[in-house]
Every structure is written in C-alpha cells, then in structure tokens.
Amino acid sequence: MEIVIAHKSHSKYAQIICDTIADAAKVRGTGIAKRTPEYVTTKMENGNAVIALDNGKFAGFCYIEKWGHGKFVANSGLIVHPDYRNLGLAKQIKERIFLLSKEKFPDAKIFSITTGLAVMKMNSDLGYKPVTFSELTDDQQFWNGCQTCKNYDILQRTEQKMCLCTGMIYDPSKKITEEKKPIKKSVFNRLKQIKQTLILKKDQNEQ
C-alpha cells in the first residue's frame, strides 16, 4: 500500500473516487457534498490531494480546499474503498493530508465539518478542537458547496449557524501547552445527539 501526493497521472481514478464517495453517503444515509471528476482532477493537478493505491488499485483519497484567501484550508472528501475499510487506512490518509496542509499552508487554520464520528475522533487526535460555525471561514463559496448535501435546508434555516455537521479547527497559532487528552467517540456522539435535538426543537417552534 502506498499513500502519495496525487498528480495529473492519477486523474484516471477521479470517477471511481466520486462514485465511492456517493455510494458511501447512500449507505450511511448522511449528508455529503457531491464532487465531480473534473473537480477532483483539478485538486490532483494542483498537488492538493492524497491518494492511496494498492498495486495500482484505488484504495483511498482526500484533498485540500483553500478558503478566505488562504486563511483557512479544509481537508475534504476523505474516503476509503469498501475493500480497504476497517484497516486503519482512513487514519493514515487523514494524517498525510494533514501534514501536506501544514506544509503548503503553514499559517492557515485547518478546519473540518463532518457528521462522521470516526472523522471527529481522528481530527481530535490531530489537535483539532470543536468550534461553532461562526469560527469557521466566512467564505460564502465554501458554504455554497453544501447545497448538494441533503441537510442543506437545515443550514439555511439556521442562517449557517448550525447543522448536523460538527465544526472543528486546528489553529497553528495556538501552541499546545497542556498534555493532549484523547476524546472518546461517545463524547462526539453525545454532541451530535444534542445538536439534533436543538434543531428538532427549533423546527417545532417554527411550525
């Protein structure tokens, strides 16, 4: 298994990457922004993506997005092919794209929005902290990318203040002065349940 920075020659995997992301969203029944092969290819050509290959067979992928004139970057589209799940590959890809982000954008805040508990845990292990949406990028192009997510109506109704996703940020300007304490998945699960309850109550009050 090799995990490398993707480039133009990897564009042949763009379609299977998009298909795997779409299939995963259907299986999980969660919201996810759709990607096109052309968009994925652009990320590869710019050296802003990481791909995992097993003797030439697609195994996993993730890419970098830049927002707010480079003040923020996001690691997006993390996906592992079904044949390679539950092997720790997602964590390896996440760590590699995180390092690439810091190398290319050393002063940028690295952020993530996700409904996936496993991704939240990986983010936490890398030093991300949960934050409100107001602390994320205000670049409207980023939020427009959520339009293809099935939960976009929630984001609209809350005026982009809340959704089922949890926002997390790694801020390089804040040095870690205390010992890192691992956060259990159960904590993120509880956070997700609280958000779902708050959104449900808001909807009921508006009816």
# chains A, B, ... in the order shown; residues from 1 in each chain; ligands from 1
>>> select_by_dssp(residues="stretch 13-203 of chain A", states="strand (DSSP E or B)", output="PyMOL selection string")
chain A and resi 49-54+57-67+72-80+109-114+129-131+166-170
>>> atom_distance(atom1="atom CA of A:Leu155", atom2="atom CA of A:Gly116")
17.1 Å
>>> residues_around(residues="stretch 148-150 of chain A", least_positions_apart="2", cutoff="12 Å", atoms="only C-alpha atoms", output="list in words")
Ala22, Ala25, Lys26, Gly29, Thr30, Gly31, Ile32, Ala33, Lys34, Arg35, Thr36, Thr114, Thr115, Trp143, Asn144, Gly145, Cys146, Tyr152, Asp153, Ile154, Leu155, Gln156, Cys163, Leu164 and Cys165 of chain A
>>> residues_around(residues="A:Gly167", least_positions_apart="6", cutoff="9 Å", atoms="only C-alpha atoms", output="ChimeraX atom specification")
/A:111-114,129-133,135-136
>>> atom_distance(atom1="atom CA of A:Met1", atom2="atom CA of A:Met122")
20.3 Å
>>> residues_around(residues="stretch 9-13 of chain A", least_positions_apart="3", cutoff="12 Å", atoms="only C-alpha atoms", output="count of residues only")
32
>>> residues_around(residues="A:Phe98", least_positions_apart="5", cutoff="12 Å", atoms="only C-alpha atoms", output="VMD selection string")
chain A and resid 5 48 to 50 62 to 65 73 to 76 78 91 to 93 103 to 106 108 to 112 122 to 123 125 to 128 169 to 170 172
>>> write_last_selection(atoms="N, CA, C and O atoms", output="tab-separated table (two decimals), in the first residue's frame")
chain	number	residue	atom	x	y	z
A	5	ILE	N	1.17	11.90	-2.66
A	5	ILE	CA	0.55	13.12	-3.14
A	5	ILE	C	0.10	12.89	-4.57
A	5	ILE	O	0.89	12.47	-5.42
A	48	ASN	N	-2.87	19.13	-4.52
A	48	ASN	CA	-3.63	19.35	-3.28
A	48	ASN	C	-4.49	18.14	-2.91
A	48	ASN	O	-5.62	18.29	-2.44
A	49	ALA	N	-3.95	16.95	-3.14
A	49	ALA	CA	-4.70	15.74	-2.81
A	49	ALA	C	-3.74	14.61	-2.47
A	49	ALA	O	-2.57	14.62	-2.86
A	50	VAL	N	-4.27	13.64	-1.75
A	50	VAL	CA	-3.51	12.44	-1.38
A	50	VAL	C	-4.32	11.23	-1.82
A	50	VAL	O	-5.54	11.20	-1.63
A	62	CYS	N	-8.20	11.84	-0.31
A	62	CYS	CA	-8.60	13.04	0.43
A	62	CYS	C	-7.95	14.24	-0.26
A	62	CYS	O	-6.89	14.10	-0.89
A	63	TYR	N	-8.56	15.41	-0.15
A	63	TYR	CA	-7.98	16.58	-0.82
A	63	TYR	C	-8.07	17.84	0.05
A	63	TYR	O	-8.77	17.87	1.06
A	64	ILE	N	-7.34	18.86	-0.38
A	64	ILE	CA	-7.27	20.14	0.33
A	64	ILE	C	-8.07	21.19	-0.43
A	64	ILE	O	-7.99	21.29	-1.65
A	65	GLU	N	-8.83	21.99	0.31
A	65	GLU	CA	-9.51	23.14	-0.25
A	65	GLU	C	-9.02	24.39	0.47
A	65	GLU	O	-8.81	24.36	1.69
A	73	VAL	N	-7.96	26.40	5.44
A	73	VAL	CA	-7.95	25.28	4.50
A	73	VAL	C	-8.76	24.15	5.13
A	73	VAL	O	-8.85	24.03	6.35
A	74	ALA	N	-9.36	23.34	4.26
A	74	ALA	CA	-10.15	22.21	4.73
A	74	ALA	C	-9.64	20.93	4.08
A	74	ALA	O	-9.24	20.93	2.92
A	75	ASN	N	-9.63	19.86	4.86
A	75	ASN	CA	-9.32	18.54	4.33
A	75	ASN	C	-10.66	17.87	4.04
A	75	ASN	O	-11.40	17.53	4.97
A	76	SER	N	-10.96	17.69	2.78
A	76	SER	CA	-12.29	17.24	2.38
A	76	SER	C	-12.26	15.94	1.58
A	76	SER	O	-11.21	15.52	1.10
A	78	LEU	N	-12.62	12.82	2.36
A	78	LEU	CA	-11.93	11.63	2.86
A	78	LEU	C	-12.78	10.39	2.59
A	78	LEU	O	-13.92	10.29	3.03
A	91	LYS	N	-7.25	6.71	8.77
A	91	LYS	CA	-6.41	7.48	9.69
A	91	LYS	C	-5.08	7.83	9.05
A	91	LYS	O	-4.58	8.96	9.19
A	92	GLN	N	-4.50	6.90	8.30
A	92	GLN	CA	-3.22	7.15	7.63
A	92	GLN	C	-3.37	8.24	6.56
A	92	GLN	O	-2.50	9.11	6.43
A	93	ILE	N	-4.46	8.18	5.81
A	93	ILE	CA	-4.71	9.20	4.78
A	93	ILE	C	-4.93	10.56	5.44
A	93	ILE	O	-4.41	11.58	4.99
A	103	GLU	N	2.32	21.80	5.41
A	103	GLU	CA	3.48	22.11	4.58
A	103	GLU	C	3.17	23.21	3.56
A	103	GLU	O	3.96	24.14	3.36
A	104	LYS	N	2.01	23.12	2.92
A	104	LYS	CA	1.64	24.06	1.86
A	104	LYS	C	1.05	25.36	2.40
A	104	LYS	O	1.18	26.42	1.79
A	105	PHE	N	0.37	25.27	3.55
A	105	PHE	CA	-0.30	26.45	4.12
A	105	PHE	C	0.02	26.53	5.62
A	105	PHE	O	-0.86	26.32	6.46
A	106	PRO	N	1.27	26.81	5.97
A	106	PRO	CA	1.71	26.75	7.37
A	106	PRO	C	1.00	27.69	8.33
A	106	PRO	O	0.94	27.41	9.54
A	108	ALA	N	-2.25	28.78	7.90
A	108	ALA	CA	-3.71	28.67	7.78
A	108	ALA	C	-4.31	27.84	8.89
A	108	ALA	O	-3.69	26.90	9.41
A	109	LYS	N	-5.54	28.17	9.25
A	109	LYS	CA	-6.31	27.35	10.16
A	109	LYS	C	-6.91	26.20	9.36
A	109	LYS	O	-7.49	26.42	8.30
A	110	ILE	N	-6.74	24.98	9.83
A	110	ILE	CA	-7.25	23.80	9.13
A	110	ILE	C	-8.56	23.40	9.79
A	110	ILE	O	-8.60	23.16	11.00
A	111	PHE	N	-9.63	23.36	9.00
A	111	PHE	CA	-10.93	23.06	9.60
A	111	PHE	C	-11.64	21.92	8.91
A	111	PHE	O	-11.28	21.50	7.81
A	112	SER	N	-12.65	21.42	9.58
A	112	SER	CA	-13.41	20.28	9.09
A	112	SER	C	-14.83	20.38	9.57
A	112	SER	O	-15.09	20.84	10.69
A	122	MET	N	-10.56	11.25	14.70
A	122	MET	CA	-9.26	11.43	14.04
A	122	MET	C	-8.83	12.89	14.11
A	122	MET	O	-7.66	13.20	14.37
A	123	ASN	N	-9.78	13.80	13.88
A	123	ASN	CA	-9.47	15.22	13.97
A	123	ASN	C	-8.97	15.59	15.36
A	123	ASN	O	-7.99	16.32	15.53
A	125	ASP	N	-7.54	13.69	17.56
A	125	ASP	CA	-6.21	13.13	17.80
A	125	ASP	C	-5.12	13.97	17.15
A	125	ASP	O	-3.97	13.96	17.60
A	126	LEU	N	-5.48	14.71	16.09
A	126	LEU	CA	-4.51	15.55	15.38
A	126	LEU	C	-4.41	16.96	15.99
A	126	LEU	O	-3.56	17.74	15.58
A	127	GLY	N	-5.28	17.25	16.96
A	127	GLY	CA	-5.21	18.56	17.61
A	127	GLY	C	-6.34	19.51	17.27
A	127	GLY	O	-6.34	20.66	17.69
A	128	TYR	N	-7.33	19.04	16.50
A	128	TYR	CA	-8.50	19.88	16.20
A	128	TYR	C	-9.34	20.06	17.47
A	128	TYR	O	-9.36	19.19	18.33
A	169	ILE	N	-11.57	22.82	14.31
A	169	ILE	CA	-10.45	23.63	13.78
A	169	ILE	C	-9.13	23.24	14.45
A	169	ILE	O	-9.07	22.99	15.65
A	170	TYR	N	-8.08	23.22	13.61
A	170	TYR	CA	-6.70	23.15	14.11
A	170	TYR	C	-6.10	24.53	13.85
A	170	TYR	O	-5.99	24.96	12.70
A	172	PRO	N	-2.79	26.70	14.07
A	172	PRO	CA	-1.34	26.60	14.29
A	172	PRO	C	-0.77	27.70	15.17
A	172	PRO	O	0.33	27.58	15.70
>>> select_by_dssp(residues="chain A", states="alpha helix (DSSP H)", output="MDAnalysis selection string")
chainID A and resid 14:28 37:45 89:104 117:126 140:144 152:157 185:206
>>> write_last_selection(atoms="C-alpha atoms", output="compact mmCIF listing (two decimals), in the first residue's frame")
# COMPACT_ATOMS: atom_id res chain seq x y z
CA ALA A 14 -11.33 10.55 -10.45
CA GLN A 15 -14.54 8.78 -11.47
CA ILE A 16 -14.19 5.89 -9.04
CA ILE A 17 -13.35 8.35 -6.26
CA CYS A 18 -16.58 10.29 -6.89
CA ASP A 19 -18.60 7.08 -7.18
CA THR A 20 -17.17 5.72 -3.92
CA ILE A 21 -17.98 8.98 -2.08
CA ALA A 22 -21.55 8.96 -3.42
CA ASP A 23 -22.08 5.28 -2.55
CA ALA A 24 -20.79 5.81 0.98
CA ALA A 25 -23.25 8.66 1.53
CA LYS A 26 -26.14 6.45 0.42
CA VAL A 27 -25.12 3.60 2.71
CA ARG A 28 -24.67 5.84 5.74
CA PRO A 37 -14.46 14.02 -11.58
CA GLU A 38 -13.37 17.36 -13.06
CA TYR A 39 -13.15 18.95 -9.62
CA VAL A 40 -11.19 16.01 -8.19
CA THR A 41 -8.83 16.09 -11.17
CA THR A 42 -8.10 19.77 -10.57
CA LYS A 43 -7.10 19.00 -6.99
CA MET A 44 -4.73 16.31 -8.25
CA GLU A 45 -3.15 18.56 -10.86
CA LEU A 89 -6.27 3.35 6.22
CA ALA A 90 -8.55 6.36 6.76
CA LYS A 91 -6.41 7.48 9.69
CA GLN A 92 -3.22 7.15 7.63
CA ILE A 93 -4.71 9.20 4.78
CA LYS A 94 -6.00 11.80 7.24
CA GLU A 95 -2.56 12.15 8.82
CA ARG A 96 -0.88 12.51 5.41
CA ILE A 97 -3.29 15.17 4.10
CA PHE A 98 -2.98 17.00 7.43
CA LEU A 99 0.81 17.13 7.07
CA LEU A 100 0.51 18.24 3.44
CA SER A 101 -1.85 21.03 4.51
CA LYS A 102 0.63 22.29 7.10
CA GLU A 103 3.48 22.11 4.58
CA LYS A 104 1.64 24.06 1.86
CA LEU A 117 -17.87 10.14 14.48
CA ALA A 118 -14.72 8.38 13.27
CA VAL A 119 -13.56 11.53 11.45
CA MET A 120 -14.26 13.66 14.54
CA LYS A 121 -12.09 11.31 16.61
CA MET A 122 -9.26 11.43 14.04
CA ASN A 123 -9.47 15.22 13.97
CA SER A 124 -9.29 15.37 17.75
CA ASP A 125 -6.21 13.13 17.80
CA LEU A 126 -4.51 15.55 15.38
CA GLN A 140 -19.57 32.00 1.01
CA GLN A 141 -18.20 29.77 -1.74
CA PHE A 142 -17.42 27.15 0.89
CA TRP A 143 -20.95 27.18 2.26
CA ASN A 144 -22.39 27.11 -1.26
CA TYR A 152 -28.67 21.90 3.31
CA ASP A 153 -32.17 23.06 4.28
CA ILE A 154 -31.13 22.85 7.95
CA LEU A 155 -28.10 25.06 7.27
CA GLN A 156 -30.36 27.59 5.55
CA ARG A 157 -33.00 27.60 8.28
CA LYS A 185 -16.21 8.74 20.32
CA SER A 186 -19.05 8.69 22.84
CA VAL A 187 -18.42 12.38 23.55
CA PHE A 188 -18.83 13.29 19.88
CA ASN A 189 -21.89 11.05 19.65
CA ARG A 190 -23.46 12.90 22.57
CA LEU A 191 -22.63 16.24 20.91
CA LYS A 192 -24.30 15.07 17.70
CA GLN A 193 -27.43 13.99 19.60
CA ILE A 194 -27.64 17.37 21.36
CA LYS A 195 -27.43 19.21 18.03
CA GLN A 196 -30.14 17.03 16.50
CA THR A 197 -32.40 17.75 19.49
CA LEU A 198 -31.79 21.52 19.27
CA ILE A 199 -32.57 21.56 15.55
CA LEU A 200 -35.73 19.48 16.10
CA LYS A 201 -36.94 21.87 18.82
CA LYS A 202 -36.26 24.87 16.59
CA ASP A 203 -38.28 23.31 13.76
CA GLN A 204 -41.19 22.55 16.13
CA ASN A 205 -41.21 26.12 17.46
CA GLU A 206 -41.38 27.50 13.92
>>> atom_distance(atom1="atom CA of A:Pro82", atom2="atom CA of A:Lys66")
28.3 Å
